[in-house]
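Worksheet for the structure shown next.
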Amino acid sequence: MTTETTGTAARDGDSRPGGPADSPFIRACRRRPTPHTPVWFMRQAGRSLPEYREIRASVPMLESCRRPELVTEITLQPVRRHGVDAAILFSDIVVPVAAAGVDLDIVPGTGPVVAEPIRTAADVQRIRPITREDVPYVDEAVRQLVVELGDTPLIGFAGAPFTLASYLVEGGPSRTHAKTKALMYGDEELWHALCDRLAEVTLAFLRVQIEAGVSAVQLFDSWAGALSEADYRRYVLPHSTAVLSGLAHAGVPRIHFGVGTAELLGAMGEAGADVVGVDWRTPLDVATGRIGADKAVQGNLDPCVLLAPWPVVEAEVRRILEQGRAAPGHVFNLGHGVLPETDPEVLTRVVALVHELSSRRADQG
Ligand SMILES: Cc1c2[nH]c(c1CCC(=O)O)Cc1[nH]c(c(CCC(=O)O)c1C)Cc1[nH]c(c(CCC(=O)O)c1C)Cc1[nH]c(c(CCC(=O)O)c1C)C2
């Protein structure tokens with residue numbers, strides 16, 4: 001496939017049988033009928049896979065995100081092993097922020113750690129706007145992957161302004177997001193300036209991935225569930241809307257995900273999503289009632305259930321498929337990322353089970 005044919009305009013009308021745009025995953029995102037319920041797993045590339053641990057043993061996390069040949073290999077691993085319906089680019093939400101000039105590292109066993117946290121207007125100015133030249137390795141990896149994946153769609157992603165702001169203001173992972181909220185409530189102008197800048201970086205990063213050929217994008221606002229709906233609407237929604245509505249004409253479905261967001265599901269849909277990710281706390285039929293019939297849902301198996309005996313896993317998969325029927329489109333996934341201690345064979349079995357149960361139902365009409 002040439003560069004021209006992977007462009008947005010071509011993909012928009014590209015629903016030729018067999019192409020990624022006609023895959024069960026993209027069809028479900030667009031609320032079209034599918035031969036089976038598509039399934040992929042957040043954090044499907046990662047420490048649950050021995051082949052991933054082997055590659056990463058000698059390469060630090062951020063460096064592995066900057067080496068296209070490693071990104072390609074790691075992204076493909078779960079597709080080969082599990083037969084999932086979509087690949088997700090191997091990267092991290094802090095990759096574009098590092099490219100924007102923020103000094104940070106991803107520390108094993110901890111996560112992102114920022115050398116000098118962002119807490120003043122001058123700090124915000126240290127976050128530069130980015131272009132493709134700042135993330136050439138992402139552009140290159142996506143182009144390689146689109147060729148390697150053939151008919152399997154590739155999901156691009158980025159962190160949403162609130163979740164990124166939390167790492168930048170706290171300086172690292174936080175349970176309470178206390179410093180972030182103190183800044184948000186204490187200096188609303190500075191808060192919005194920070195989120196404006198992060199929305200700009202995020203939008204640019206997603207556009208690079210779309211130009212390079214990803215078939216869908218997911219905006220991770222993992223920690224938005226820390227806020228009330230009123231505060232979410234006031235402090236966060238405008239910025240996530242700037243990102244998602246900025247991609248309204250990009251021709252790819254937009255997935256919006258967070259954890260603990262039962263009260264925010266309606267607002268997260270309003271931000272301009274085609275698909276809303278739901279964690280395990282809200283049944284998919286209830287979630288659909290909150291999100292509305294004009295959006296698909298993604299989720300929502302509790303990642304901890306994968307550590308239980310198989311009959312428990314099987315019963316939960318059946319329940320979620322059943323409740324997912326209330327939605328106009330359902331992408332099966334976990335409610336959050338795969339835990340490192342998960343047996344990868346269980347993931348493979350879940351993919352087969354989702355396909356088997358849902359295609360039997362499709363056969364019956
Ligand atoms: C595999 C991995 C990643 N990031 C980190 C790791 C662990 C590094 C290691 O192997 O040591 C550090 C890494 N990066 C981050 C964390 C979380 C730290 C915390 O608890 O705050 C860790 C351990 C921050 C991060 N990073 C990400 C999020 C949003 C998703 C989520 O909520 O889990 C968040 C919050 C996105 C992310 N990060 C990653 C992906 C890969 C694609 C896939 O899903 O297969 C994705 C989508 C990759």
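We name chains A, B, ... following the order of the structure tokens; residues begin at 1 in each chain, and ligands are numbered from 1 as shown.
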Within 9 Å of Thr120 (chain A), counting only C-alpha atoms, which residues show up once you throw out same-chain ones fewer than 4 positions away? Write them as JSON, numbers by chain, please.
{"A": [124, 125, 190]}
For the residues in that selection, give me N, CA and C atoms as a compact mmCIF listing (two decimals), in the first residue's frame.
# COMPACT_ATOMS: atom_id res chain seq x y z
N VAL A 124 4.56 25.65 32.51
CA VAL A 124 3.69 25.28 31.38
C VAL A 124 4.39 25.64 30.06
N GLN A 125 5.10 26.76 30.06
CA GLN A 125 5.81 27.19 28.83
C GLN A 125 6.90 26.21 28.42
N LEU A 190 -4.41 28.96 35.51
CA LEU A 190 -3.21 28.17 35.23
C LEU A 190 -3.59 26.74 34.82
Check every protein, DNA and RNA residue against ligand 1, keep those with an atom at most 6 Å away (counting only C-alpha atoms and all ligand atoms), and present them as a PyMOL selection string.
chain A and resi 42-47+61+88-93+106+108+110-112+173+220+222+337
Please identify all polymer residues within 10 Å of region 161-169 of chain A, counting only C-alpha atoms, omitting same-chain residues fewer than 4 positions from it, and present them as an MDAnalysis selection string.
chainID A and resid 93:94 97 102 104 111:120 123:124 173:174 176:184 191:192 194:202 219:224 232 235:240 242:243 258
List the spatial neighbours of Ala86 (chain A) as a list in words - criterion: any atom at most 6 Å away, only C-alpha atoms, same-chain residues fewer than 3 positions off excluded.
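With the cut-off at 6 Å, the set is Trp40, Thr152, Pro153 and Leu154 of chain A.
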Taking N, CA, C and O atoms for each residue, export the selection above as a short mmCIF file (atom, residue, chain, number, x, y, z; two decimals), in the first residue's frame.
data_model
loop_
_atom_site.label_atom_id
_atom_site.label_comp_id
_atom_site.auth_asym_id
_atom_site.auth_seq_id
_atom_site.Cartn_x
_atom_site.Cartn_y
_atom_site.Cartn_z
N TRP A 40 -10.17 -7.03 21.94
CA TRP A 40 -8.74 -6.77 22.16
C TRP A 40 -8.61 -6.43 23.64
O TRP A 40 -9.62 -6.30 24.34
N THR A 152 -5.81 -6.46 9.83
CA THR A 152 -6.05 -6.21 11.26
C THR A 152 -5.85 -4.73 11.56
O THR A 152 -4.79 -4.18 11.27
N PRO A 153 -6.86 -4.07 12.14
CA PRO A 153 -6.72 -2.64 12.41
C PRO A 153 -5.72 -2.35 13.53
O PRO A 153 -5.56 -3.14 14.45
N LEU A 154 -5.06 -1.19 13.41
CA LEU A 154 -4.12 -0.72 14.42
C LEU A 154 -4.76 0.47 15.15
O LEU A 154 -5.23 1.40 14.52
#
Could you list, as an MDAnalysis selection string, every residue within 10 Å of Ala262 (chain A), counting only C-alpha atoms and ignoring same-chain residues fewer than 4 positions away?
chainID A and resid 225 229 258 266 278:283 286:287 290
Pull the strand (DSSP E) assignments for region 85-223 of chain A out of DSSP run on the backbone, and list those residues as a PyMOL selection string.
chain A and resi 87-88+104-107+111-114+154-159+216-220
Dump of C-alpha atoms for the selected residues, as a CSV table (one decimal), in the first residue's frame:
chain,number,residue,atom,x,y,z
A,87,ALA,CA,-3.5,-4.2,17.6
A,88,ILE,CA,-2.6,-1.2,19.8
A,104,LEU,CA,10.8,12.4,32.5
A,105,ASP,CA,11.5,8.7,32.7
A,106,ILE,CA,9.4,5.6,33.0
A,107,VAL,CA,10.8,3.9,36.1
A,111,GLY,CA,5.7,4.3,36.1
A,112,PRO,CA,6.3,7.8,34.8
A,113,VAL,CA,8.5,10.1,36.9
A,114,VAL,CA,8.9,13.8,36.1
A,154,LEU,CA,-4.1,-0.7,14.4
A,155,ILE,CA,-5.3,1.5,17.3
A,156,GLY,CA,-3.3,4.7,18.0
A,157,PHE,CA,-3.6,6.3,21.4
A,158,ALA,CA,-2.8,9.2,23.6
A,159,GLY,CA,-3.3,10.3,27.2
A,216,ALA,CA,-8.9,4.1,15.2
A,217,VAL,CA,-7.7,6.1,18.2
A,218,GLN,CA,-8.2,5.8,22.0
A,219,LEU,CA,-8.0,8.7,24.4
A,220,PHE,CA,-6.9,7.4,27.8
Would you mind reading off the distance between CA of Pro309 (chain A) and CA of Ala352 (chain A), one decimal, in Å?
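The value is 16.7 Å.
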Which parts of region 123-310 of chain A does DSSP call helix (DSSP H, G or I) when run on the backbone here, written out as a PyMOL selection string?
chain A and resi 123-125+132-134+136-149+161-170+178-186+188-212+224-226+229-245+262-270+284-291+303-307+310
Go ahead and compute the interatomic distance for CA of Ala327 (chain A) and CA of Gln298 (chain A), in Å to one decimal.
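Taking CA of Ala327 (chain A) and CA of Gln298 (chain A), their separation equals 9.7 Å.
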Compile the contact shell of Ile320 (chain A) as a PyMOL selection string: residues with an atom at most 8 Å away, counting only C-alpha atoms, same-chain residues fewer than 4 positions apart removed.
chain A and resi 283-284+300-301+316+324
Atoms kept (N, CA, C and O atoms) for selection, written as a PDB file, in the first residue's frame:
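Saved as again.pdb:
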ATOM      1  N   PRO A 283     -22.423  -2.268  34.617  1.00  0.00           N
ATOM      2  CA  PRO A 283     -22.827  -3.236  33.586  1.00  0.00           C
ATOM      3  C   PRO A 283     -23.056  -2.517  32.248  1.00  0.00           C
ATOM      4  O   PRO A 283     -23.509  -1.371  32.227  1.00  0.00           O
ATOM      5  N   LEU A 284     -22.751  -3.201  31.140  1.00  0.00           N
ATOM      6  CA  LEU A 284     -22.798  -2.523  29.843  1.00  0.00           C
ATOM      7  C   LEU A 284     -24.202  -2.048  29.466  1.00  0.00           C
ATOM      8  O   LEU A 284     -24.346  -1.047  28.767  1.00  0.00           O
ATOM      9  N   ASN A 300     -16.089  -5.114  29.346  1.00  0.00           N
ATOM     10  CA  ASN A 300     -15.687  -4.505  30.579  1.00  0.00           C
ATOM     11  C   ASN A 300     -15.396  -5.567  31.647  1.00  0.00           C
ATOM     12  O   ASN A 300     -15.802  -5.446  32.791  1.00  0.00           O
ATOM     13  N   LEU A 301     -14.642  -6.590  31.222  1.00  0.00           N
ATOM     14  CA  LEU A 301     -14.267  -7.673  32.137  1.00  0.00           C
ATOM     15  C   LEU A 301     -13.250  -7.158  33.165  1.00  0.00           C
ATOM     16  O   LEU A 301     -12.255  -6.525  32.790  1.00  0.00           O
ATOM     17  N   GLU A 316     -18.388 -14.946  33.312  1.00  0.00           N
ATOM     18  CA  GLU A 316     -18.302 -13.487  33.208  1.00  0.00           C
ATOM     19  C   GLU A 316     -18.301 -13.034  31.746  1.00  0.00           C
ATOM     20  O   GLU A 316     -18.914 -12.020  31.389  1.00  0.00           O
ATOM     21  N   GLY A 324     -23.842  -6.589  26.721  1.00  0.00           N
ATOM     22  CA  GLY A 324     -23.354  -5.765  25.604  1.00  0.00           C
ATOM     23  C   GLY A 324     -24.353  -5.699  24.461  1.00  0.00           C
ATOM     24  O   GLY A 324     -24.274  -4.805  23.610  1.00  0.00           O
TER      25      GLY A 324
END
Using CA of Ala326 (chain A) and CA of Ala296 (chain A) as the two end points, give the distance in Å to one decimal.
10.0 Å
Nearest residue to Ser228 (chain A) out of A:His330, A:Leu265, A:Pro24, A:Phe205, using only C-alpha atoms?
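Of A:His330, A:Leu265, A:Pro24, A:Phe205, the one nearest Ser228 (chain A), counting only C-alpha atoms, is A:Leu265.
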Exercise: Pro328 (chain A) partners within 12 Å, only C-alpha atoms, chain neighbours under 2 positions left out, as a ChimeraX atom specification:
/A:27-34,37,274-276,284-285,287-289,291-298,323-326,330-331
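The nearest approach to Asp187 (chain A) among the residues A:Ala121, A:Ala315, A:Val84, A:Val146, with only C-alpha atoms taken into account, belongs to A:Ala121.
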Restricting the calculation to only C-alpha atoms: of A:Val259, A:Val147, A:Leu321, A:Val142, which residue gets closest to Val208 (chain A)?
A:Val142
